[in-house]
Amino acid sequence: MSAEDKSMIDLNSENMDKLIVALDEAAKATNLEDPTFVEPSEGTLNRATARRNHIVFGRRGSGKTSLLAKAASELNHDEKPIALINLEPFKKHSYPDVLLSVLISSLKEFKKWIKNNYLKHDETNNFIKRLLICIRMRIVIRQKKIKMLVKSIDIEIESLDIELHATDEARLIKELGRTDGTSDSVEASGKISTTVASAGIKKSKSESMQLSSKLTEETKRKKEDFLNRQIIHYREILNQISNLSTDGNAFLFLDDLYQLNRSDQPKVLDYFYRIAKDNNIWLKIGTIQHRTEWYQHSDPPIGLKLGDDADVINLDLNLEDYNLAKKFLLSVLEEIAKSFIFKNIKDTLTNGAIDRLVLASGGVARDYLAVYKHSIRYARERLANTSKSSQLHRITVEDVNKASFAYYPTKQEELKLDTKEERDEIESEFEKVKSFCTDETKSNCFVLEEKRPDTTSKLIDELVDLRLVHRVKSSITMKSGRKGKTYKAFMLDLSQYAITRRRHRFEIIPFWTPKGAEKLRRIRLIYS
């Protein structure tokens with residue numbers, strides 16, 4: 001057996017079975033208590049825990065949830081108040097109910113943090129440790145104040161819950177009545193509103209008089225008015241929560257903002273920003289860039305303005321920096337595999353399969369892991385039909401091609417989940433792109449004019465966020481006939497041509513090489 005054969009890993013081993021389970025778990029980002037996060041660039045985690053508002057951009061599976069969970073875990077370890085809210089359960093809510101729901105969840109999570117850190121007694125601690133904790137945190141002195149804070153939070157949660165289940169814009173009628181009696185009797189009728197008063201009096205034979213008046217006020221209950229009136233209370237409560245920290249700061253994490261109605265997104269951000277501003281509360285928002293409206297130009301403006309109110313942390317590692325993406329994605333796989341005694345997981349792949357797996361992922365970590373997992377299955381099926389020992393074989397390009405095709409229904413389902421009224425338009429554009437690449441140019445890449453005036457650029461950006469199209473080059477020029485114009489290049493998702501490319505003589509352009517980059521400048525690749 002050669003040295004190369006010895007370096008290979010048995011794809012049918014028990015450890016490989018365990019790795020497949022671990023890949024499933026990692027792809028779903030379910031472990032929020034002890035999350036695993038591999039930084040795509042140095043300093044990403046430090047930025048996410050900094051005293052600054054951030055919007056974290058990233059496609060599905062890019063690691064937004066893992067980053068937010070890891071940052072929350074680090075801050076919690078440092079005794080900083082944190083609340084981590086997943087906004088997906090509220091995607092069917094409309095404003096202002098969605099804001100009421102998120103406020104309730106946020107207060108509940110902060111209350112949970114307080115109870116876990118201040119009101120939970122661990123009987124297993126020894127006496128000295130308990131004494132040191134009491135001295136450091138002054139529990140004896142602060143206990144009453146903390147319990148009062150928890151009670152205040154409970155009151156606000158109850159109030160918000162009542163408002164959430166009330167009918168918005170409901171008519172409210174208030175009636176105030178008064179009766180005066182004298183020696184005369186009078187039959188009186190009266191109606192007084194805020195603008196009109198009328199009365200009629202009829203004297204009885206007994207000459208005694210009784211005067212009756214009624215005041216009627218009609219108003220409308222508006223949940224938005226309630227929220228605006230209560231904002232000062234929420235600022236006070238959040239300020240008390242932040243003061244529990246060793247340095248007076250608290251952090252609110254809102255994940256998957258894109259799940260909310262697009263028109264509601266800036267309103268939700270605006271309200272929390274008003275609570276947080278100058279109050280030592282820092283917002284960390286996870287979302288998909290082209291499916292989010294974070295700022296609304298109005299009078300007054302609504303939402304978060306990037307650069308002024310918040311900075312961006314971008315996890316969208318696309319294929320434009322191919323070598324960086326390749327290195328990062330492999331490091332994510334190695335981080336998971338190291339628990340199963342795989343010293344060099346790269347040995348499970350042929351050289352061609354390594355590059356093909358990067359293309360199949362489009363630079364997205366979760367897709368990389370999922371396609372790798374499916375590739376193991378196809379490699380096992382192939383090896384079961386060969387006479388050679390399975391441990392002498394690796395995952396091949398064709399295994400990855402089949403795995404990419406098998407994974408496509410997941411992306412289709414997520415397109416349905418993530419798009420609403422614009423779905424038909426996006427799907428129609430995708431069919432046009434697919435037809436252009438597979439039928440017209442017979443190439444995996446296409447280019448688009450950078451300043452195209454129609455809606456095509458916007459729809460292509462949507463397809464990039466949905467991982468059906470991948471950005472590979474920006475600001476390129478054509479070889480001839482397009483003076484003064486710049487273009488950007490994209491790649492159609494591998495799943496759309498991986499299986500049928502041989503029959504159609506389909507060309508896969510190696511855009512990450514100098515020769516491939518030159519091929520992108522061909523006029524026929526311009527998408528129109």
# chains A, B, ... in the order shown; residues from 1 in each chain; ligands from 1
$ residues_around --residues "Lys18 in chain A" --least-positions-apart "4" --cutoff "12 Å" --atoms "only C-alpha atoms" --output "PyMOL selection string"
chain A and resi 11-14+22-25+336-342+373
$ write_last_selection --atoms "C-alpha atoms" --output "CSV table (one decimal), in the first residue's frame"
chain,number,residue,atom,x,y,z
A,11,LEU,CA,-15.6,6.4,4.0
A,12,ASN,CA,-17.5,3.5,5.6
A,13,SER,CA,-16.0,3.8,9.1
A,14,GLU,CA,-18.0,4.3,12.3
A,22,ALA,CA,-22.3,16.1,13.5
A,23,LEU,CA,-22.6,17.8,10.0
A,24,ASP,CA,-26.3,17.6,10.3
A,25,GLU,CA,-26.2,19.3,13.7
A,336,ILE,CA,-16.1,19.7,13.1
A,337,ALA,CA,-14.1,16.6,11.9
A,338,LYS,CA,-11.3,17.0,14.5
A,339,SER,CA,-13.6,15.5,17.2
A,340,PHE,CA,-13.7,12.2,15.3
A,341,ILE,CA,-9.9,11.6,15.0
A,342,PHE,CA,-9.7,12.9,11.4
A,373,LYS,CA,-22.4,15.1,3.6
$ closest_residue --among "A:Arg356, A:Glu462, A:Lys451, A:Lys442" --to "Phe430 in chain A" --atoms "only C-alpha atoms"
A:Glu462
$ closest_atom_pairs --of "range 246-361 of chain A" --to "range 490-513 of chain A" --cutoff "9 Å" --atoms "only C-alpha atoms" --output "Markdown table"
| residue | atom | partner | partner_atom | distance |
| --- | --- | --- | --- | --- |
| A:Leu319 | CA | A:Trp512 | CA | 8.3 |
| A:Glu320 | CA | A:Trp512 | CA | 7.7 |
| A:Asp321 | CA | A:Trp512 | CA | 8.0 |
| A:Tyr322 | CA | A:Trp512 | CA | 6.1 |
| A:Asn323 | CA | A:Trp512 | CA | 8.0 |
| A:Arg356 | CA | A:Leu494 | CA | 8.8 |
| A:Leu359 | CA | A:Leu494 | CA | 6.8 |
| A:Ala360 | CA | A:Leu494 | CA | 5.4 |
| A:Ser361 | CA | A:Leu494 | CA | 8.5 |
$ residues_around --residues "Leu84 in chain A" --least-positions-apart "2" --cutoff "8 Å" --atoms "only C-alpha atoms" --output "list in words"
Leu68, Ala69, Ala72, Ile82, Asn86, Ser106, Glu109, Leu252, Phe253, Leu254 and Asp255 of chain A
$ residues_around --residues "Ser480 in chain A" --least-positions-apart "3" --cutoff "10 Å" --atoms "only C-alpha atoms" --output "list of chain:residue names"
A:Thr477, A:Lys483, A:Arg521, A:Arg522, A:Ile523
$ closest_residue --among "A:Arg52, A:Lys519, A:Lys488, A:Arg482" --to "His470 in chain A" --atoms "only C-alpha atoms"
A:Lys488
$ closest_residue --among "A:Ala166, A:Val98, A:Ala48, A:Leu238" --to "Ile153 in chain A" --atoms "only C-alpha atoms"
A:Leu238
$ atom_distance --atom1 "CA of Pro35 in chain A" --atom2 "CA of Ala83 in chain A"
15.6 Å
$ closest_residue --among "A:Tyr487, A:Phe110, A:Phe436, A:Tyr407" --to "Leu369 in chain A" --atoms "only C-alpha atoms"
A:Tyr407
$ atom_distance --atom1 "CA of Asp225 in chain A" --atom2 "CA of Trp282 in chain A"
24.8 Å
$ closest_residue --among "A:Lys92, A:Lys267, A:Lys327, A:Arg274" --to "Glu39 in chain A" --atoms "only C-alpha atoms"
A:Lys327
$ atom_distance --atom1 "CA of Thr167 in chain A" --atom2 "CA of Val102 in chain A"
18.0 Å
$ closest_residue --among "A:Asp309, A:Asp97, A:Asp161, A:Glu381" --to "Ile55 in chain A" --atoms "only C-alpha atoms"
A:Asp309
$ residues_around --residues "range 227-230 of chain A" --least-positions-apart "6" --cutoff "12 Å" --atoms "only C-alpha atoms" --output "short mmCIF file (atom, residue, chain, number, x, y, z; two decimals) with C-alpha atoms, in the first residue's frame"
data_model
loop_
_atom_site.label_atom_id
_atom_site.label_comp_id
_atom_site.auth_asym_id
_atom_site.auth_seq_id
_atom_site.Cartn_x
_atom_site.Cartn_y
_atom_site.Cartn_z
CA TYR A 95 -47.03 45.95 12.88
CA PRO A 96 -47.58 46.93 15.69
CA ASP A 97 -48.31 43.40 16.99
CA VAL A 98 -44.91 42.21 15.79
CA LEU A 99 -43.21 44.91 17.88
CA LEU A 100 -45.29 44.01 20.93
CA SER A 101 -44.32 40.34 20.49
CA LEU A 103 -40.70 43.41 23.19
CA GLU A 156 -44.55 45.41 31.69
CA ILE A 157 -44.79 41.93 30.15
CA SER A 159 -49.27 45.02 30.12
CA LEU A 160 -47.75 44.27 26.71
CA GLU A 163 -52.24 45.15 24.54
CA LEU A 164 -51.12 42.44 22.09
CA ARG A 221 -57.49 52.59 20.91
CA GLU A 236 -35.72 53.01 32.46
CA ILE A 237 -36.03 49.23 32.81
CA LYS A 267 -40.18 50.38 12.36
CA VAL A 268 -39.05 47.57 14.65
CA ASP A 270 -36.36 52.31 14.99
CA TYR A 271 -38.25 51.54 18.21
CA PHE A 272 -35.45 49.48 19.72
CA ARG A 274 -34.91 54.75 20.52
CA ILE A 275 -34.84 52.57 23.63
#
$ select_by_dssp --residues "range 285-466 of chain A" --states "helix (DSSP H, G or I)" --output "MDAnalysis selection string"
chainID A and resid 289:291 319:340 345:348 351:361 365:384 390:392 397:418 423:441 456:465
$ residues_around --residues "Leu349 in chain A" --least-positions-apart "3" --cutoff "10 Å" --atoms "only C-alpha atoms" --output "compact mmCIF listing (two decimals) with N, CA and C atoms, in the first residue's frame"
# COMPACT_ATOMS: atom_id res chain seq x y z
N MET A 8 -5.49 8.07 3.12
CA MET A 8 -6.93 8.15 2.87
C MET A 8 -7.73 7.66 4.06
N ILE A 9 -8.98 8.11 4.13
CA ILE A 9 -9.87 7.78 5.24
C ILE A 9 -10.94 6.82 4.74
N ILE A 345 -9.05 15.90 7.08
CA ILE A 345 -10.30 15.53 6.41
C ILE A 345 -10.22 15.77 4.91
N LYS A 346 -9.28 16.61 4.48
CA LYS A 346 -9.10 16.89 3.05
C LYS A 346 -8.75 15.62 2.28
N GLY A 352 -9.77 17.56 -7.57
CA GLY A 352 -10.87 18.14 -8.34
C GLY A 352 -12.13 18.30 -7.51
N ALA A 353 -12.39 17.33 -6.61
CA ALA A 353 -13.59 17.38 -5.76
C ALA A 353 -13.51 18.53 -4.76
N ILE A 354 -12.30 18.87 -4.32
CA ILE A 354 -12.13 19.98 -3.38
C ILE A 354 -12.63 21.28 -4.01
N ASP A 355 -12.21 21.55 -5.25
CA ASP A 355 -12.65 22.76 -5.95
C ASP A 355 -14.13 22.69 -6.30
N LEU A 357 -16.47 21.20 -4.71
CA LEU A 357 -17.25 21.41 -3.48
C LEU A 357 -17.36 22.89 -3.15
N TYR A 372 -21.11 18.22 1.17
CA TYR A 372 -20.08 17.24 1.54
C TYR A 372 -20.73 15.98 2.14
N SER A 375 -22.24 13.99 -0.52
CA SER A 375 -21.17 13.40 -1.34
C SER A 375 -20.68 12.08 -0.75
N ILE A 376 -20.64 12.00 0.57
CA ILE A 376 -20.23 10.75 1.24
C ILE A 376 -21.18 9.62 0.84
N HIS A 393 -10.40 4.75 -1.68
CA HIS A 393 -11.07 5.68 -2.57
C HIS A 393 -11.45 6.97 -1.87
N ARG A 394 -11.60 8.00 -2.68
CA ARG A 394 -12.00 9.30 -2.16
C ARG A 394 -13.29 9.77 -2.83
N ILE A 395 -13.84 10.85 -2.29
CA ILE A 395 -14.99 11.51 -2.91
C ILE A 395 -14.51 12.17 -4.20
N THR A 396 -15.23 11.95 -5.29
CA THR A 396 -14.82 12.45 -6.60
C THR A 396 -15.67 13.65 -7.03
N VAL A 397 -15.28 14.23 -8.16
CA VAL A 397 -16.03 15.36 -8.74
C VAL A 397 -17.47 14.94 -9.02
N ASP A 399 -19.23 12.63 -7.58
CA ASP A 399 -19.97 12.49 -6.32
C ASP A 399 -20.49 13.85 -5.86
N VAL A 400 -19.66 14.87 -5.96
CA VAL A 400 -20.06 16.22 -5.56
C VAL A 400 -21.14 16.75 -6.48
$ residues_around --residues "Ser298 in chain A" --least-positions-apart "3" --cutoff "12 Å" --atoms "only C-alpha atoms" --output "MDAnalysis selection string"
chainID A and resid 266:267 295 301:303
